[in-house]
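Peer 1: One structure, pasted below without further comment.
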Amino acid sequence: MDARRRNRYLEAIGIDVWVPRPGNVRVLPAADAPAATGSAPRAGAQRASASPEPVSGDLAARWGALRSEVMGCTRCALHATRTQGVFGVGYQQADWLVIGEAPGAEEDRKGEPFVGRAGQLLDAMLRAIDLSRTSNVYIANVLKSRPPGNRDPKPEEVAACLPYLLRQIELLKPRLMLAVGRIAAQNLLSTDLALGRLRGKVHHFGELNTPLVVTYHPAYLLRNPADKRKVWEDLKFARRVFRQLTQGIPTDGDRS
């Protein structure tokens with residue numbers, strides 16, 4: 001990403017950017033500077049502007065079958081109050097998986113996660129690290145049905161819906177997961193720790209031991225814009241972890 005585009009993206013999420021003047025030269029720290037990877041990335045790791053490779057017939061069929069299950073699911077009471085199930089969106093062979101908590105009212109109407117103002121902010125956040133829901137990231141929620149009034153998911157609802165997410169992860173096989181928001185992070189990591197204590201660390205999820213990084217939910221940032229800078233630090237950290245993964249470098253540890 002060239003500097004002008006990157007600055008536009010950072011401005012879009014409310015981060016002040018440094019504008020160079022004649023005679024000024026800034027050397028970017030390693031966390032900000034582009035870095036070559038030591039091995040060729042999977043098809044899902046291309047830049048956001050590239051066109052993704054088509055998903056194979058067998059894999060596409062398995063994704064389709066799982067989507068049909070979700071859309072017809074009656075495992076919990078939420079199916080009686082939802083407009084439709086919200087399965088997920090993005091490239092089905094992506095290296096990155098972004099996970100939120102549950103659909104809101106607009107997602108319930110449109111059938112796609114992270115739309116509206118929060119979705120626009122998430123898209124800007126992802127573009128800042130060269131990701132796009134149209135080409136190289138997959139986006140899903142822990143719950144596939146909207147809880148009435150956008151309340152927090154109940155434990156029994158998470159228990160009923162989590163197997164769908166696990167199957168999405170099994171099909172996707174992401175290299176890195178980004179959990180956005182307290183509810184998603186706590187449910188994925190089976191913890192009650194505050195989000196602030198979960199940030200800045202590499203966690204691991206599931207049988208595949210997939211690296212997982214935690215940050216704030218974009219809806220939270222709309223209410224608390226002062227924390228957008230913290231999210232930028234989280235995104236840079238996630239990007240650095242991903243680069244380590246592509247280079248075969250161990251990812252245990254924290255931002256320090």
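In the structure tokens, the first chain shown is A, the next is B, and so on; residue numbers restart at 1 for each chain, and ligands run from 1 in the order shown.
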Could you list, as a list in words, every residue within 12 Å of Thr251 in chain A, counting only C-alpha atoms and ignoring same-chain residues fewer than 4 positions away?

Peer 2: Arg175, Leu176, Lys201, Val202, His203, His204, Asn209, Thr210, Pro211, Leu212, Val213, Phe237, Ala238, Arg239, Arg240, Val241, Phe242, Arg243, Gln244, Leu245, Thr246, Gln247 and Arg255 of chain A

Peer 1: Quick one: residues within 9 Å of Val137 in chain A, only C-alpha atoms, excluding same-chain residues fewer than 3 positions away - as JSON, numbers by chain?

Peer 2: {"A": [44, 45, 48, 89, 90, 91, 92, 93, 94, 95, 96, 97, 98, 126, 131, 132, 133, 134]}

Peer 1: Which of range 99-191 of chain A counts as alpha helix (DSSP H) under DSSP, as a ChimeraX atom specification please?

Peer 2: /A:105-110,116-127,155-172,182-189

Peer 1: Could you pull the residues within 12 Å of range 59-64 of chain A, counting only C-alpha atoms, minus those fewer than 4 positions along the same chain, as a PyMOL selection string?

Peer 2: chain A and resi 54-55+68-71+87-93+164-165+167-173

Peer 1: Let's see if you can do this: from backbone DSSP, list all strand (DSSP E) residues in range 184-238 of chain A, as a PyMOL selection string.

Peer 2: chain A and resi 203-205+210-215

Peer 1: Residues of the last selection are to be written out with C-alpha atoms, as a short mmCIF file (atom, residue, chain, number, x, y, z; two decimals), in the first residue's frame.

Peer 2:
data_model
loop_
_atom_site.label_atom_id
_atom_site.label_comp_id
_atom_site.auth_asym_id
_atom_site.auth_seq_id
_atom_site.Cartn_x
_atom_site.Cartn_y
_atom_site.Cartn_z
CA HIS A 203 -3.77 -16.61 22.07
CA HIS A 204 -4.54 -19.94 20.41
CA PHE A 205 -7.91 -21.40 19.52
CA THR A 210 -4.90 -21.26 15.48
CA PRO A 211 -3.20 -18.01 16.62
CA LEU A 212 -5.77 -15.46 17.77
CA VAL A 213 -5.40 -11.72 18.45
CA VAL A 214 -7.98 -9.59 20.27
CA THR A 215 -9.07 -5.99 19.69
#

Peer 1: To one decimal in Å, tell me the separation between CA of Arg75 in chain A and CA of Glu157 in chain A.

Peer 2: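 Spanning CA of Arg75 in chain A to CA of Glu157 in chain A is a straight-line distance of 8.3 Å.
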
Peer 1: Pick the closest to Met177 in chain A from A:Gly116, A:Pro155, A:Gly100, A:Gly248: which is it, counting only C-alpha atoms?

Peer 2: A:Gly100
